[in-house]
file structure_13.cif (mmCIF, C-alpha atoms)
data_model
#
loop_
_atom_site.label_atom_id
_atom_site.label_comp_id
_atom_site.auth_asym_id
_atom_site.auth_seq_id
_atom_site.Cartn_x
_atom_site.Cartn_y
_atom_site.Cartn_z
CA MET K 75 0.00 0.00 0.00
CA GLN K 76 2.80 2.39 0.87
CA LYS K 77 4.51 1.66 -2.47
CA TYR K 78 1.23 2.40 -4.29
CA ILE K 79 0.85 5.76 -2.49
CA LEU K 80 4.50 6.61 -3.21
CA ASN K 81 4.02 5.93 -6.94
CA LEU K 82 0.92 8.13 -7.00
CA PHE K 83 2.85 10.91 -5.28
CA ILE K 84 5.71 10.69 -7.81
CA LEU K 85 3.21 10.71 -10.67
CA PHE K 86 1.52 13.81 -9.19
CA LEU K 87 4.84 15.63 -8.93
CA SER K 88 5.69 14.74 -12.55
CA VAL K 89 2.34 15.99 -13.85
CA THR K 90 2.66 19.17 -11.77
CA ALA K 91 6.16 19.82 -13.10
CA LEU K 92 4.99 19.35 -16.69
CA ALA K 93 2.04 21.66 -16.10
CA GLN K 94 4.36 24.36 -14.77
CA GLU K 95 6.69 24.25 -17.79
CA PRO K 96 6.14 27.42 -19.85
CA GLU K 97 4.80 26.69 -23.30
CA LEU K 98 6.72 28.13 -26.21
CA LYS K 99 4.85 30.93 -27.93
CA THR K 100 3.49 30.08 -31.36
CA TYR K 101 4.41 32.54 -34.10
CA SER K 102 2.76 33.11 -37.47
CA PHE K 103 4.27 35.34 -40.14
CA THR K 104 3.82 36.55 -43.66
CA LEU K 105 7.13 37.45 -45.29
CA GLU K 106 6.63 41.16 -44.59
CA GLU K 107 5.75 40.44 -40.95
CA ALA K 108 8.81 38.19 -40.57
CA ILE K 109 11.06 40.98 -41.87
CA GLU K 110 9.55 43.57 -39.55
CA PHE K 111 9.84 41.21 -36.59
CA ALA K 112 13.48 40.39 -37.37
CA LEU K 113 14.44 44.06 -37.71
CA GLU K 114 13.43 44.50 -34.06
CA ASN K 115 14.49 41.15 -32.60
CA ASN K 116 17.44 39.85 -34.64
CA TYR K 117 20.56 39.61 -32.47
CA SER K 118 22.75 41.58 -34.87
CA ALA K 119 20.05 44.23 -35.33
CA ILE K 120 19.74 44.70 -31.57
CA ASN K 121 23.49 45.17 -31.15
CA SER K 122 23.59 47.48 -34.19
CA ASP K 123 20.99 49.71 -32.48
CA ARG K 124 23.16 49.69 -29.38
CA ASP K 125 26.17 50.71 -31.47
CA LEU K 126 24.18 53.70 -32.73
CA VAL K 127 23.33 54.75 -29.18
CA ASP K 128 26.99 54.25 -28.25
CA ALA K 129 28.02 56.54 -31.13
CA ARG K 130 25.75 59.29 -29.82
CA LYS K 131 27.31 58.93 -26.36
CA GLN K 132 30.77 59.03 -27.91
CA LYS K 133 29.87 62.25 -29.71
CA TRP K 134 28.99 63.92 -26.44
CA GLU K 135 32.12 62.47 -24.83
CA THR K 136 34.19 64.23 -27.50
CA ILE K 137 32.33 67.54 -27.12
CA ALA K 138 32.46 67.46 -23.32
CA ASP K 139 36.24 67.12 -23.40
CA GLY K 140 36.46 70.82 -24.39
CA LEU K 141 33.95 72.07 -21.80
CA PRO K 142 34.88 73.16 -18.26
CA GLN K 143 36.20 70.36 -16.06
CA ILE K 144 36.17 70.53 -12.25
CA ASN K 145 38.17 68.16 -10.09
CA GLY K 146 38.44 68.05 -6.34
CA SER K 147 41.07 66.56 -4.08
CA VAL K 148 41.56 66.06 -0.35
CA SER K 149 44.98 65.38 1.16
CA TYR K 150 45.79 64.36 4.72
CA GLN K 151 49.30 64.03 6.14
CA ASN K 152 50.49 62.87 9.56
CA GLN K 153 54.21 63.40 10.05
CA LEU K 154 55.08 60.55 12.38
CA LYS K 155 58.56 61.99 12.74
CA GLN K 156 58.71 65.70 11.96
CA PRO K 157 61.80 66.98 10.15
CA VAL K 158 64.25 69.05 12.22
CA SER K 159 65.87 72.29 11.02
CA LEU K 160 68.99 73.90 12.49
CA LEU K 161 69.08 77.62 13.30
CA PRO K 162 72.14 79.65 14.35
CA ALA K 163 72.30 79.71 18.14
CA GLU K 164 73.00 83.42 18.31
CA LEU K 165 69.44 84.13 17.14
CA ALA K 166 68.28 82.85 20.53
CA GLY K 167 71.19 84.37 22.49
CA GLY K 168 73.35 81.31 22.27
CA GLU K 169 77.01 80.89 21.46
CA PRO K 170 77.93 82.01 17.95
CA GLY K 171 78.95 79.22 15.63
CA THR K 172 76.58 76.72 17.18
CA PHE K 173 73.09 75.63 16.08
CA ILE K 174 69.78 75.00 17.74
CA PRO K 175 67.51 72.13 16.45
CA VAL K 176 64.05 73.48 15.71
CA VAL K 177 60.84 71.76 14.51
CA PHE K 178 58.57 73.95 12.34
CA GLY K 179 54.85 73.50 12.00
CA GLN K 180 52.46 70.92 13.40
CA PRO K 181 52.62 67.17 12.64
CA GLN K 182 49.16 66.84 11.08
CA GLN K 183 47.92 68.66 7.98
CA MET K 184 44.78 68.48 5.82
CA THR K 185 44.25 70.24 2.50
CA ALA K 186 41.10 70.41 0.32
CA THR K 187 41.35 71.80 -3.23
CA ALA K 188 39.00 72.27 -6.20
CA THR K 189 40.44 72.99 -9.66
CA LEU K 190 38.62 74.29 -12.72
CA THR K 191 40.30 73.71 -16.11
CA GLN K 192 39.19 75.00 -19.49
CA LYS K 193 40.61 74.50 -22.97
CA ILE K 194 40.94 77.79 -24.81
CA PHE K 195 42.42 76.58 -28.07
CA ASP K 196 43.26 73.06 -29.22
CA GLY K 197 43.31 72.20 -32.89
CA SER K 198 42.84 68.48 -32.34
CA TYR K 199 39.73 69.15 -30.25
CA ILE K 200 38.21 71.30 -32.99
CA VAL K 201 38.84 68.59 -35.58
CA GLY K 202 37.45 65.95 -33.23
CA VAL K 203 34.19 67.85 -32.80
CA GLN K 204 33.91 68.32 -36.57
CA ALA K 205 34.45 64.59 -37.10
CA THR K 206 31.63 63.57 -34.75
CA LYS K 207 29.02 64.35 -37.41
CA SER K 208 30.76 62.04 -39.88
CA PHE K 209 31.11 59.34 -37.22
CA LEU K 210 27.40 59.50 -36.41
CA SER K 211 26.61 59.28 -40.13
CA TYR K 212 28.82 56.19 -40.41
CA SER K 213 27.10 54.56 -37.40
CA ALA K 214 23.66 55.27 -38.90
CA ASN K 215 24.72 53.86 -42.28
CA ASN K 216 26.24 50.80 -40.62
CA ASN K 217 22.97 50.27 -38.79
CA GLU K 218 21.11 50.50 -42.09
CA LYS K 219 23.55 48.01 -43.64
CA THR K 220 22.86 45.58 -40.80
CA ASP K 221 19.12 45.96 -41.38
CA GLN K 222 19.64 45.17 -45.06
CA ASP K 223 21.63 42.05 -44.17
CA VAL K 224 18.87 40.98 -41.80
CA ARG K 225 16.22 41.61 -44.46
CA LYS K 226 18.12 39.51 -47.00
CA ALA K 227 18.72 36.70 -44.48
CA VAL K 228 15.03 36.57 -43.56
CA VAL K 229 13.92 36.45 -47.21
CA GLU K 230 16.35 33.61 -47.97
CA ALA K 231 15.46 31.66 -44.80
CA TYR K 232 11.72 32.16 -45.35
CA GLY K 233 12.03 30.97 -48.95
CA ASN K 234 14.07 27.94 -47.89
CA VAL K 235 11.37 26.89 -45.40
CA LEU K 236 8.68 27.15 -48.08
CA LEU K 237 10.93 25.24 -50.48
CA ALA K 238 11.42 22.46 -47.94
CA LYS K 239 7.67 22.25 -47.23
CA GLU K 240 6.82 22.04 -50.93
CA SER K 241 9.55 19.44 -51.43
CA VAL K 242 8.11 17.26 -48.69
CA ALA K 243 4.63 17.48 -50.24
CA ILE K 244 5.93 16.59 -53.71
CA PHE K 245 8.09 13.71 -52.49
CA GLU K 246 5.15 12.29 -50.53
CA LYS K 247 2.98 12.46 -53.63
CA ASN K 248 5.70 10.84 -55.77
CA LYS K 249 6.25 8.15 -53.19
CA GLY K 250 2.55 7.33 -53.10
CA THR K 251 2.43 7.02 -56.89
CA LEU K 252 5.51 4.78 -56.92
CA GLU K 253 4.13 2.55 -54.18
CA ASN K 254 0.97 2.02 -56.23
CA ASN K 255 3.05 1.26 -59.32
CA LEU K 256 5.22 -1.15 -57.40
CA PHE K 257 2.22 -2.90 -55.87
CA GLU K 258 0.55 -3.37 -59.25
CA THR K 259 3.77 -4.48 -60.93
CA GLN K 260 4.49 -6.92 -58.11
CA LYS K 261 1.08 -8.50 -58.59
CA LEU K 262 1.59 -8.72 -62.36
CA PHE K 263 4.99 -10.35 -61.79
CA GLU K 264 3.51 -12.85 -59.38
CA ASN K 265 0.90 -13.74 -62.02
CA GLY K 266 3.53 -14.04 -64.74
CA LEU K 267 2.36 -10.93 -66.60
CA SER K 268 5.50 -8.85 -65.92
CA ASP K 269 9.22 -9.41 -65.52
CA GLU K 270 11.32 -9.12 -62.38
CA GLU K 271 13.38 -6.27 -63.81
CA SER K 272 10.32 -4.02 -63.86
CA VAL K 273 9.81 -4.66 -60.15
CA GLU K 274 13.45 -3.96 -59.40
CA GLN K 275 13.43 -0.74 -61.45
CA LEU K 276 10.50 0.57 -59.43
CA GLN K 277 12.14 -0.53 -56.17
CA ILE K 278 15.26 1.44 -57.06
CA THR K 279 13.22 4.55 -57.87
CA LEU K 280 11.10 4.18 -54.72
CA SER K 281 14.18 3.82 -52.50
CA SER K 282 15.69 6.96 -54.00
CA VAL K 283 12.49 8.99 -53.55
CA ASP K 284 12.05 7.68 -50.00
CA ASN K 285 15.56 8.84 -49.07
CA GLN K 286 14.89 12.23 -50.63
CA LEU K 287 11.65 12.49 -48.67
CA LYS K 288 13.40 11.73 -45.39
CA ASN K 289 16.06 14.32 -46.16
CA ALA K 290 13.41 16.90 -47.08
CA VAL K 291 11.64 16.31 -43.75
CA ARG K 292 14.91 16.90 -41.90
CA LEU K 293 15.62 20.01 -43.97
CA GLU K 294 12.16 21.37 -43.24
CA ASN K 295 12.94 21.32 -39.53
CA ILE K 296 16.46 22.72 -39.98
CA THR K 297 15.36 25.55 -42.27
CA LEU K 298 12.61 26.50 -39.84
CA GLN K 299 15.14 26.62 -37.01
CA MET K 300 17.40 28.80 -39.15
CA LEU K 301 14.49 31.18 -39.80
CA ASN K 302 13.76 31.37 -36.07
CA LEU K 303 17.41 32.12 -35.39
CA VAL K 304 17.48 34.92 -37.97
CA MET K 305 14.33 36.43 -36.46
CA GLY K 306 15.79 36.32 -32.95
CA ILE K 307 13.45 33.76 -31.37
CA ALA K 308 14.07 30.34 -29.85
CA ILE K 309 14.98 27.89 -32.60
CA ASP K 310 12.49 25.32 -31.29
CA ALA K 311 9.60 27.81 -31.10
CA PRO K 312 6.62 26.67 -33.20
CA THR K 313 6.50 29.00 -36.22
CA GLN K 314 3.96 28.97 -39.00
CA LEU K 315 4.39 30.60 -42.41
CA GLU K 316 1.31 32.16 -43.96
CA GLU K 317 2.73 32.47 -47.48
CA ASP K 318 2.50 29.99 -50.33
CA LEU K 319 5.69 29.59 -52.36
CA ASP K 320 4.01 29.79 -55.76
CA ALA K 321 1.82 32.78 -54.83
CA LEU K 322 4.78 34.55 -53.21
CA ALA K 323 6.95 34.05 -56.29
CA VAL K 324 4.22 35.46 -58.55
CA LYS K 325 3.86 38.46 -56.24
CA GLN K 326 7.61 39.14 -56.53
CA ILE K 327 7.46 39.45 -60.33
CA ASP K 328 7.52 43.22 -60.81
CA PHE K 329 8.89 44.52 -64.10
CA GLU K 330 8.27 48.12 -62.97
CA LEU K 331 11.13 47.61 -60.54
CA MET K 332 13.46 47.59 -63.56
CA GLU K 333 12.37 51.15 -64.40
CA THR K 334 13.10 52.55 -60.94
CA GLN K 335 15.30 55.64 -61.10
CA PHE K 336 18.60 54.75 -59.49
CA ASN K 337 20.03 57.31 -57.08
CA ILE K 338 23.45 56.09 -56.03
CA GLU K 339 23.40 58.36 -52.99
CA ASN K 340 20.70 56.09 -51.52
CA ASN K 341 22.93 53.04 -51.80
CA VAL K 342 24.28 52.03 -48.38
CA ASP K 343 27.65 50.83 -49.68
CA TYR K 344 28.16 54.15 -51.44
CA LYS K 345 27.24 56.10 -48.30
CA MET K 346 29.73 54.07 -46.28
CA ALA K 347 32.42 54.73 -48.89
CA ILE K 348 31.65 58.45 -48.48
CA ASN K 349 32.04 58.03 -44.71
CA LEU K 350 35.46 56.45 -45.22
CA THR K 351 36.59 59.40 -47.34
CA GLU K 352 35.32 61.85 -44.70
CA GLN K 353 37.15 59.92 -42.00
CA ARG K 354 40.43 60.11 -43.92
CA PHE K 355 39.86 63.84 -44.48
CA PHE K 356 39.51 64.51 -40.75
CA GLU K 357 42.53 62.34 -40.01
CA TRP K 358 44.49 64.56 -42.38
CA LYS K 359 43.17 67.69 -40.62
CA LEU K 360 44.08 66.16 -37.25
CA ALA K 361 47.65 65.52 -38.40
CA ARG K 362 47.92 69.16 -39.53
CA SER K 363 46.45 70.47 -36.27
CA ARG K 364 49.30 68.94 -34.28
CA ALA K 365 51.55 71.73 -35.53
CA LEU K 366 49.34 74.35 -33.84
CA PRO K 367 49.84 75.60 -30.26
CA THR K 368 47.44 74.64 -27.49
CA LEU K 369 46.24 76.99 -24.79
CA SER K 370 44.33 76.14 -21.63
CA SER K 371 43.57 77.89 -18.35
CA PHE K 372 43.01 76.77 -14.81
CA VAL K 373 41.92 78.24 -11.49
CA ASN K 374 41.91 76.47 -8.17
CA TYR K 375 40.74 77.20 -4.69
CA GLY K 376 41.89 75.36 -1.62
CA SER K 377 42.06 75.46 2.12
CA SER K 378 44.64 73.98 4.51
CA SER K 379 44.61 73.29 8.23
CA PHE K 380 47.31 72.22 10.69
CA ALA K 381 47.05 70.54 14.10
CA ASP K 382 48.93 68.52 16.68
CA LYS K 383 46.20 65.86 16.63
CA PHE K 384 43.37 64.92 14.27
CA ASP K 385 40.83 67.59 15.11
CA PHE K 386 40.12 69.07 11.67
CA PHE K 387 36.32 68.86 11.94
CA SER K 388 36.21 70.91 15.15
CA SER K 389 34.50 74.29 14.89
CA ASP K 390 37.52 75.89 16.54
CA GLN K 391 39.95 74.57 13.93
CA ASP K 392 41.57 77.26 11.78
CA TRP K 393 41.59 76.88 7.98
CA PHE K 394 43.77 78.93 5.64
CA ASP K 395 42.54 79.61 2.12
CA SER K 396 44.56 79.83 -1.08
CA SER K 397 43.77 80.27 -4.80
CA VAL K 398 45.75 80.22 -8.04
CA LEU K 399 44.87 81.34 -11.60
CA GLY K 400 47.09 80.22 -14.44
CA PHE K 401 47.48 79.49 -18.15
CA ASP K 402 49.30 76.69 -19.95
CA LEU K 403 50.61 77.36 -23.47
CA SER K 404 52.25 74.56 -25.43
CA ILE K 405 54.01 75.45 -28.69
CA PRO K 406 55.33 72.68 -31.00
CA LEU K 407 58.74 73.90 -32.17
CA PHE K 408 60.70 71.05 -33.70
CA SER K 409 59.88 67.36 -34.24
CA SER K 410 62.66 66.33 -36.64
CA GLY K 411 60.14 65.97 -39.46
CA LYS K 412 57.82 63.61 -37.56
CA ARG K 413 54.76 65.84 -37.86
CA SER K 414 55.32 66.55 -41.54
CA ALA K 415 55.73 62.84 -42.28
CA SER K 416 52.53 62.05 -40.35
CA THR K 417 50.65 64.75 -42.28
CA ALA K 418 51.99 63.44 -45.59
CA ARG K 419 50.87 59.89 -44.76
CA ALA K 420 47.40 61.15 -43.82
CA LYS K 421 47.23 63.00 -47.14
CA ILE K 422 48.15 59.79 -49.00
CA ALA K 423 45.42 57.88 -47.12
CA LEU K 424 42.91 60.58 -48.13
CA GLU K 425 43.85 60.29 -51.81
CA LYS K 426 43.54 56.51 -51.60
CA ALA K 427 40.07 56.86 -50.06
CA LYS K 428 39.01 59.15 -52.92
CA THR K 429 40.19 56.54 -55.42
CA GLN K 430 38.34 53.81 -53.52
CA LEU K 431 35.21 55.96 -53.61
CA SER K 432 35.41 56.22 -57.40
CA GLU K 433 35.95 52.46 -57.62
CA ALA K 434 33.02 51.79 -55.27
CA GLU K 435 30.73 53.94 -57.40
CA GLU K 436 31.59 51.99 -60.54
CA GLN K 437 31.27 48.66 -58.72
CA ILE K 438 27.82 49.59 -57.44
CA ARG K 439 26.67 50.55 -60.92
CA LEU K 440 27.97 47.21 -62.20
CA GLN K 441 26.23 45.37 -59.35
CA LEU K 442 22.99 47.10 -60.32
CA GLU K 443 23.24 45.88 -63.92
CA GLN K 444 24.10 42.37 -62.75
CA ALA K 445 21.19 42.38 -60.29
CA LYS K 446 18.78 43.49 -63.02
CA SER K 447 20.07 40.79 -65.34
CA ASN K 448 19.85 38.13 -62.63
CA TYR K 449 16.32 39.20 -61.74
CA ILE K 450 15.14 39.02 -65.36
CA LEU K 451 16.86 35.65 -65.75
CA SER K 452 15.18 34.29 -62.61
CA ILE K 453 11.75 35.30 -63.98
CA GLU K 454 12.52 33.73 -67.35
CA GLU K 455 13.74 30.52 -65.71
CA TYR K 456 10.64 30.46 -63.52
CA ASN K 457 8.36 30.66 -66.55
CA THR K 458 10.40 28.02 -68.37
CA ALA K 459 10.45 25.73 -65.33
CA LYS K 460 6.70 26.07 -65.00
CA GLU K 461 6.20 25.08 -68.64
CA ASN K 462 8.71 22.22 -68.33
CA LEU K 463 6.90 20.93 -65.26
CA GLY K 464 3.64 20.78 -67.18
CA LEU K 465 5.32 18.94 -70.04
CA ALA K 466 7.07 16.52 -67.69
CA GLU K 467 3.81 15.78 -65.87
CA ARG K 468 2.05 15.00 -69.16
CA ILE K 469 4.95 12.84 -70.37
CA GLU K 470 5.04 10.92 -67.09
CA ASN K 471 1.26 10.48 -67.15
CA LYS K 472 1.39 9.11 -70.71
CA ASN K 473 4.14 6.69 -69.74
CA GLN K 474 2.10 5.60 -66.72
CA ILE K 475 -0.78 4.69 -69.06
CA LYS K 476 1.52 3.02 -71.57
CA TYR K 477 3.24 1.05 -68.82
CA THR K 478 -0.10 -0.12 -67.43
CA GLU K 479 -1.18 -1.21 -70.88
CA GLY K 480 2.15 -2.92 -71.54
CA LEU K 481 3.19 -0.46 -74.27
CA ALA K 482 6.15 1.00 -72.33
CA SER K 483 8.94 -0.66 -70.38
CA SER K 484 9.83 0.00 -66.76
CA PHE K 485 12.97 1.74 -68.02
CA ASP K 486 10.85 4.18 -70.04
CA LEU K 487 8.64 4.84 -67.03
CA ARG K 488 11.60 5.39 -64.73
CA GLN K 489 13.16 7.79 -67.24
CA ALA K 490 9.90 9.79 -67.43
CA GLN K 491 9.62 9.82 -63.63
CA THR K 492 13.20 10.99 -63.23
CA GLN K 493 12.54 13.75 -65.74
CA LEU K 494 9.43 14.76 -63.76
CA TYR K 495 11.36 14.84 -60.48
CA ASP K 496 14.04 17.07 -62.02
CA ALA K 497 11.33 19.37 -63.39
CA GLN K 498 9.66 19.57 -59.97
CA SER K 499 12.96 20.41 -58.27
CA GLY K 500 13.80 23.01 -60.92
CA TYR K 501 10.38 24.64 -60.58
CA LEU K 502 10.65 24.94 -56.80
CA GLN K 503 14.17 26.34 -57.00
CA SER K 504 13.15 28.84 -59.70
CA MET K 505 10.49 30.31 -57.40
CA VAL K 506 13.00 30.79 -54.60
CA GLU K 507 15.41 32.43 -57.06
CA VAL K 508 12.76 34.97 -58.13
CA ILE K 509 12.21 35.96 -54.50
CA ASN K 510 15.93 36.19 -53.67
CA LYS K 511 16.98 38.04 -56.84
CA LYS K 512 14.25 40.63 -56.38
CA THR K 513 15.47 41.26 -52.85
CA GLU K 514 19.07 41.71 -54.06
CA LEU K 515 17.94 44.28 -56.63
CA GLU K 516 15.82 46.12 -54.06
CA LEU K 517 18.75 46.38 -51.65
CA ILE K 518 20.99 47.93 -54.30
CA LEU K 519 18.30 50.41 -55.31
CA ASN K 520 17.47 51.00 -51.62
CA ASP K 521 14.15 52.59 -52.52
CA PRO K 522 11.83 52.17 -49.47
CA GLU K 523 8.75 52.31 -51.70
CA LYS K 524 9.98 49.32 -53.74
CA GLN K 525 10.99 47.10 -50.84
CA LEU K 526 8.88 44.40 -49.24
#

call {"tool": "encode", "arguments": {"input": "structure_13.cif", "output": "structure tokens"}}
result
Amino acid sequence: MQKYILNLFILFLSVTALAQEPELKTYSFTLEEAIEFALENNYSAINSDRDLVDARKQKWETIADGLPQINGSVSYQNQLKQPVSLLPAELAGGEPGTFIPVVFGQPQQMTATATLTQKIFDGSYIVGVQATKSFLSYSANNNEKTDQDVRKAVVEAYGNVLLAKESVAIFEKNKGTLENNLFETQKLFENGLSDEESVEQLQITLSSVDNQLKNAVRLENITLQMLNLVMGIAIDAPTQLEEDLDALAVKQIDFELMETQFNIENNVDYKMAINLTEQRFFEWKLARSRALPTLSSFVNYGSSSFADKFDFFSSDQDWFDSSVLGFDLSIPLFSSGKRSASTARAKIALEKAKTQLSEAEEQIRLQLEQAKSNYILSIEEYNTAKENLGLAERIENKNQIKYTEGLASSFDLRQAQTQLYDAQSGYLQSMVEVINKKTELELILNDPEKQL
């Protein structure tokens, strides 16, 4: 009886623990919704937003360096053994030529000081402040580049999941057809109306399709996990896709996109190339500014107190104030050519950046033409693959009838089936290519009105 009660108790604890486990949230996305979700939750996108905030803080850090700075200090000293000074003895009426040991001051001392410093002129500071605008622009462009990478990754991952799902459905259909063929052929062989080779041919084809089906099922799970990862959610979270691959591919066929006016200044890679040139320009200005003098001022105010014992917080303790105003001027005079060499190197780097900018502009224009060509080709291949699939289905259907009626061999049927499977695979891949190539073209154009 005790064992029975113990088992019930263990079972209750197990059920309670399972009931308390948090269920994973179920997600459902169209492609547009998946992109929007990823732009907010993708790991790289989140850190890119943080980098932008960090850049804004760094801008203020640079500006604040030239604003007034106040520092305070407190010093306490306890002279455990006070230094002794010797005074001529005749000052106290003693014998000339002799000395009297004297201790000056009190053993304990406390000093509190506040110092205000202010830069008056510093060429490197001026250049640094000017460069903050360019640095912020670079951070914003880098953030936009990250968003583009996330968008492209989501489109590719979303398409791969749809491709895997469609592949599973097609392989299941093909497997069912082959199993029927094999069953009928096996019966004919057993009744002496067919040869063993026909059975073996179908077994070979069925084994191949079965392996492809198993692989497609595994890929469906892996591609879905990859999509979850790109979107920034748990890879095992149940996610449903609301799009159909065929309908999505048709929706991505947009010939008006080819007529979009290209403004290279909207292209992120071009904007980042501009940022690089600006960075080299300010580095050159910084190198030149090192030949200029720097001037800063300071003023401090302090108070000191002396005592035989630690009694500095007593109301009767005397404090003695002091204050200093000063200026520091530093003038670079001679560096043995170091500054001129540094300036020359910065100038060379600037000229290289200008050349790289010209190269980047031409590369982007070439990428645009390639993207247009690839997009048109993907649409053409999609249309061709669709037509080929229809032809392959009709050919395979005719061979099925001929094989049933004994007018075609198992080799002919297998050849027609293999041709159908290739056409099915090509059709699925062509739809994914249309979606991906359109995205690549949109990212180069970077026209928000033309993007998903």

call {"tool": "atom_distance", "arguments": {"input": "structure_13.cif", "atom1": "atom CA of K:Ile120", "atom2": "atom CA of K:Met346"}}
result
20.1 Å

call {"tool": "closest_residue", "arguments": {"input": "structure_13.cif", "among": "K:Ser198, K:Thr220, K:Gln143, K:Ser483", "to": "K:Ser371", "atoms": "all atoms listed in the file"}}
result
K:Gln143

call {"tool": "resolve_selection", "arguments": {"input": "structure_13.cif", "expression": "the PyMOL selection byres ((chain K and resi 214) around 10)", "output": "list in words"}}
result
Ser122, Asp123, Asp125, Leu126, Val127, Ala129, Ser208, Phe209, Leu210, Ser211, Tyr212, Ser213, Asn215, Asn216, Asn217, Glu218, Lys219, Thr220 and Met346 of chain K

call {"tool": "resolve_selection", "arguments": {"input": "structure_13.cif", "expression": "the PyMOL selection byres ((chain K and resi 382) around 10)", "output": "PDB file with C-alpha atoms, keeping the file's coordinate frame"}}
result
ATOM      1  CA  ASN K 152      50.490  62.870   9.560  1.00  0.00           C
ATOM      2  CA  GLN K 153      54.210  63.400  10.050  1.00  0.00           C
ATOM      3  CA  GLY K 179      54.850  73.500  12.000  1.00  0.00           C
ATOM      4  CA  GLN K 180      52.460  70.920  13.400  1.00  0.00           C
ATOM      5  CA  PRO K 181      52.620  67.170  12.640  1.00  0.00           C
ATOM      6  CA  GLN K 182      49.160  66.840  11.080  1.00  0.00           C
ATOM      7  CA  GLN K 183      47.920  68.660   7.980  1.00  0.00           C
ATOM      8  CA  PHE K 380      47.310  72.220  10.690  1.00  0.00           C
ATOM      9  CA  ALA K 381      47.050  70.540  14.100  1.00  0.00           C
ATOM     10  CA  LYS K 383      46.200  65.860  16.630  1.00  0.00           C
ATOM     11  CA  PHE K 384      43.370  64.920  14.270  1.00  0.00           C
ATOM     12  CA  ASP K 385      40.830  67.590  15.110  1.00  0.00           C
TER      13      ASP K 385
END

call {"tool": "resolve_selection", "arguments": {"input": "structure_13.cif", "expression": "the PyMOL selection byres ((chain K and resi 509-511) around 12)", "output": "short mmCIF file (atom, residue, chain, number, x, y, z; two decimals) with C-alpha atoms, in the frame of the given file"}}
result
data_model
loop_
_atom_site.label_atom_id
_atom_site.label_comp_id
_atom_site.auth_asym_id
_atom_site.auth_seq_id
_atom_site.Cartn_x
_atom_site.Cartn_y
_atom_site.Cartn_z
CA LEU K 105 7.13 37.45 -45.29
CA ARG K 225 16.22 41.61 -44.46
CA LYS K 226 18.12 39.51 -47.00
CA ALA K 227 18.72 36.70 -44.48
CA VAL K 228 15.03 36.57 -43.56
CA VAL K 229 13.92 36.45 -47.21
CA GLU K 230 16.35 33.61 -47.97
CA ALA K 231 15.46 31.66 -44.80
CA TYR K 232 11.72 32.16 -45.35
CA GLY K 233 12.03 30.97 -48.95
CA ASN K 234 14.07 27.94 -47.89
CA LEU K 236 8.68 27.15 -48.08
CA LEU K 237 10.93 25.24 -50.48
CA LEU K 319 5.69 29.59 -52.36
CA ASP K 320 4.01 29.79 -55.76
CA ALA K 321 1.82 32.78 -54.83
CA LEU K 322 4.78 34.55 -53.21
CA ALA K 323 6.95 34.05 -56.29
CA VAL K 324 4.22 35.46 -58.55
CA LYS K 325 3.86 38.46 -56.24
CA GLN K 326 7.61 39.14 -56.53
CA ILE K 327 7.46 39.45 -60.33
CA ASP K 328 7.52 43.22 -60.81
CA LEU K 331 11.13 47.61 -60.54
CA LEU K 442 22.99 47.10 -60.32
CA GLN K 444 24.10 42.37 -62.75
CA ALA K 445 21.19 42.38 -60.29
CA LYS K 446 18.78 43.49 -63.02
CA SER K 447 20.07 40.79 -65.34
CA ASN K 448 19.85 38.13 -62.63
CA TYR K 449 16.32 39.20 -61.74
CA ILE K 450 15.14 39.02 -65.36
CA LEU K 451 16.86 35.65 -65.75
CA SER K 452 15.18 34.29 -62.61
CA ILE K 453 11.75 35.30 -63.98
CA TYR K 456 10.64 30.46 -63.52
CA LEU K 502 10.65 24.94 -56.80
CA GLN K 503 14.17 26.34 -57.00
CA SER K 504 13.15 28.84 -59.70
CA MET K 505 10.49 30.31 -57.40
CA VAL K 506 13.00 30.79 -54.60
CA GLU K 507 15.41 32.43 -57.06
CA VAL K 508 12.76 34.97 -58.13
CA LYS K 512 14.25 40.63 -56.38
CA THR K 513 15.47 41.26 -52.85
CA GLU K 514 19.07 41.71 -54.06
CA LEU K 515 17.94 44.28 -56.63
CA GLU K 516 15.82 46.12 -54.06
CA LEU K 517 18.75 46.38 -51.65
CA ILE K 518 20.99 47.93 -54.30
CA GLN K 525 10.99 47.10 -50.84
CA LEU K 526 8.88 44.40 -49.24
#

call {"tool": "atom_distance", "arguments": {"input": "structure_13.cif", "atom1": "atom CA of K:Gly202", "atom2": "atom CA of K:Thr136"}}
result
6.8 Å
